[in-house]
Structure formats: structure tokens, C-alpha cells
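Student: Dropping a structure here in C-alpha cells format, bear with me for questions.
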Amino acid sequence: MDVAIASKEPARPAVDREAYPYRMKDLCERTGLPRQVIHFYIQQGLVPEGHKTGRNMAYYGEPHLARILLVRKLQHERFLPLRAIKALLEERDEAFSPAQRRFVHEVKARLSATLGARADKPTTADANELIKKLGLSRKDLEDMVELGLIAAAEEHDASGRARLVVASDDTWILETFAEFRRIGFDESIGFSARDILMYEEAMGALFTREAKLLAERLSSLSPEQAASMVERALPLINAFLVRYHDALARNFLATL
């Protein structure tokens, strides 16, 4: 009689504790974040996975700790949404060569006034007051935060009372969504904040290609000349995108 032998999970290599000194509880202690938040960062690809030694055990190194702290800083001090942070980190890690990054930073310094670059500590607006004024629900706000379209954080006043805030630079997203709601694009017929993602994804992919193209082709110029060209081109690009979207809508209707 043949006896079936249960397959065993292959043994995992021993972990180098000098390279991976931290367990999850250590990351929580050093960052002040609950494990659910850190796991979420890992699931979203914002932080690399740890060195697994079992189904529910992994070890982490200094790069993991540094990345968690960076994501938290960008999210809660610079008020960047998680989707923007992920794109930023991927660009930093992959898209540009060191020389291109230096060039982009030099151009950025000359464009900050034109683009209204985010301050290191952006001004904020009370999230609950804002959605009440706009006629949006708390779920609308939570959906946008969960989807990574806007960032929200808790601020404490002088008395220590906490309030939820969003960056003032991002209030236009909520205002625009409220306009859609007023037109009639509401949940009763299936519209939600998730529908904005198709625009964010399309524009994000377009901008990634655009930024890489400009970094490659303008890097032979001086930062001053490149910044001047970008400054003059931006209004043309924005106008082209609006008019081309209108043209696509007209062409679509013409084919029906």
C-alpha cells in the first residue's frame, strides 16, 4: 500500500541579523506606527517586503526603517497622497540617472515660483468643515484618502484637541468632486471617488513619460534655458490636453 507523503515547505535560508536586525514590533517602536499601517505600506509597494523566515515572521533592515519614515514624512508633513508618494519613489529609484536627477533639481529650483511648488510644511484646511461646506460625505473623503488621491492627517491645537486636516493645495480636488455630485454624478447611479482614478492614472502615466522625455532631451541645455522653455510650454500643453479631450468627445459622438 502506497503511503502519501505530505509535502513540506522548503526550508528558508537563515537571516543575516546584522543586515536585518528588526522585527515588525521593532519597526513599530522606532516609527511610532501600528503594524497595520506598516503592512499597508508594504502591500502598496511603498516599502519592500522583509526577509521572511516563516509564514508570519520576517526581519527588516535599516533601508526598511528609512523608507517607512520617509513615506510617513511625505504623507503627514508634506501632505502627499500615497499614490503620489509611490510614483515619486519609483521615479527616484528607477527612471532617472543621477545626472538627470541633478539636472531636474536645478530646473526645479528655477520653476518653483512659476509652479507654486509645495512648501515644506503646507497650509492645511479642516477636513470636516470643508466637506460640510461642499456637501460631501465623510465616506467621500475617506474614499479619496484610501485611494491615495489626497492626503489627510491629524493636527493638534493648543489645547491638544485633534482635528483631521487636508493640504490646502488639495482642496480643489474635493471642490471639483463636489461639483460632479451637484450635477448628478452621485452614488445612487453608481458614481464614486474611485471613478477619478482613471483620470489620475492616465495623467500620472502621461506625466511620467513627459518628465523623462524632457530630462533626456533638455539636459544638454543650461538649467536656466530648460526652465524657461518648460515655463513657456506648460500653458500650451495644458491647453492642448483640454482641446484634445473635447475633440475626442466630438469625434466619438460623430461616430454614433
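Ordering of the C-alpha cells sets the chain letters (A, B, ...); residue numbers start at 1 within each chain; ligands are numbered from 1 in the order shown.
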Might you pull out every residue within 10 Å of segment 76-93 of chain A, with only C-alpha atoms counted and same-chain residues fewer than 3 positions away left off, and present them as an MDAnalysis selection string?

Tutor: chainID A and resid 41 44:47 67 70:73 96:98 101 118:124 144:155 165:170 200:201 204:205 208 211:212

Student: List the neighbours of Asp16 of chain A out to 10 Å using only C-alpha atoms; skip same-chain residues closer than 5 positions along the sequence, and give me the result as a list in words.

Tutor: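 So the residues in contact are Pro21, His51, Tyr59 and Gly61 of chain A.
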
Student: Report as a VMD selection string all protein, DNA and RNA residues lying within 8 Å of segment 217-229 of chain A, evaluated on only C-alpha atoms, omitting residues in the same chain fewer than 6 positions from it.

Tutor: chain A and resid 100 103 106 to 108 110 to 111

Student: Quick one: everything within 12 Å of Tyr20 of chain A, counting only C-alpha atoms, minus sequence neighbours fewer than 3 positions away in the same chain. Send it as a list in words.

Tutor: Ala14, Val15, Asp16, Arg17, Arg23, Met24, Asp26, Leu27, Glu49, Gly50, His51, Lys52, Thr53, Ala58, Tyr59, Tyr60, Gly61, Glu62, Pro63, His64 and Leu65 of chain A

Student: Please write the residues from the selection above to a file, keeping N, CA and C atoms, as a compact mmCIF listing (two decimals), in the first residue's frame.

Tutor:
```
# COMPACT_ATOMS: atom_id res chain seq x y z
N ALA A 14 18.70 31.02 6.54
CA ALA A 14 18.83 31.76 7.79
C ALA A 14 19.02 33.24 7.49
N VAL A 15 18.47 34.07 8.37
CA VAL A 15 18.54 35.50 8.15
C VAL A 15 19.84 36.07 8.71
N ASP A 16 20.41 37.01 8.00
CA ASP A 16 21.59 37.73 8.48
C ASP A 16 21.11 38.82 9.43
N ARG A 17 21.24 38.61 10.73
CA ARG A 17 20.68 39.54 11.70
C ARG A 17 21.42 40.87 11.73
N ARG A 23 12.45 43.18 13.85
CA ARG A 23 11.19 42.51 13.62
C ARG A 23 10.10 43.57 13.47
N MET A 24 8.89 43.15 13.17
CA MET A 24 7.82 44.12 12.97
C MET A 24 7.61 44.98 14.21
N ASP A 26 9.73 45.91 16.32
CA ASP A 26 10.81 46.89 16.41
C ASP A 26 10.54 48.08 15.50
N LEU A 27 10.05 47.80 14.28
CA LEU A 27 9.69 48.89 13.37
C LEU A 27 8.60 49.76 13.97
N GLU A 49 9.27 44.26 0.94
CA GLU A 49 8.98 43.19 1.89
C GLU A 49 10.24 42.85 2.68
N GLY A 50 10.02 42.32 3.87
CA GLY A 50 11.15 41.92 4.70
C GLY A 50 11.70 40.56 4.29
N HIS A 51 12.74 40.13 5.00
CA HIS A 51 13.34 38.81 4.77
C HIS A 51 12.52 37.80 5.57
N LYS A 52 11.74 36.98 4.88
CA LYS A 52 10.82 36.05 5.54
C LYS A 52 11.55 34.82 6.05
N THR A 53 11.23 34.46 7.29
CA THR A 53 11.78 33.23 7.87
C THR A 53 10.66 32.26 8.22
N ALA A 58 9.08 37.85 9.68
CA ALA A 58 10.02 38.47 8.73
C ALA A 58 10.92 39.42 9.50
N TYR A 59 12.09 39.66 8.94
CA TYR A 59 13.05 40.58 9.54
C TYR A 59 13.32 41.72 8.55
N TYR A 60 13.66 42.88 9.12
CA TYR A 60 13.80 44.09 8.32
C TYR A 60 15.11 44.79 8.66
N GLY A 61 15.59 45.57 7.68
CA GLY A 61 16.85 46.27 7.88
C GLY A 61 16.69 47.78 7.94
N GLU A 62 17.82 48.46 8.00
CA GLU A 62 17.81 49.93 8.06
C GLU A 62 17.12 50.55 6.84
N PRO A 63 17.28 50.00 5.61
CA PRO A 63 16.56 50.59 4.47
C PRO A 63 15.04 50.56 4.65
N HIS A 64 14.51 49.50 5.28
CA HIS A 64 13.07 49.43 5.53
C HIS A 64 12.65 50.54 6.50
N LEU A 65 13.42 50.70 7.56
CA LEU A 65 13.10 51.73 8.54
C LEU A 65 13.16 53.11 7.92
```
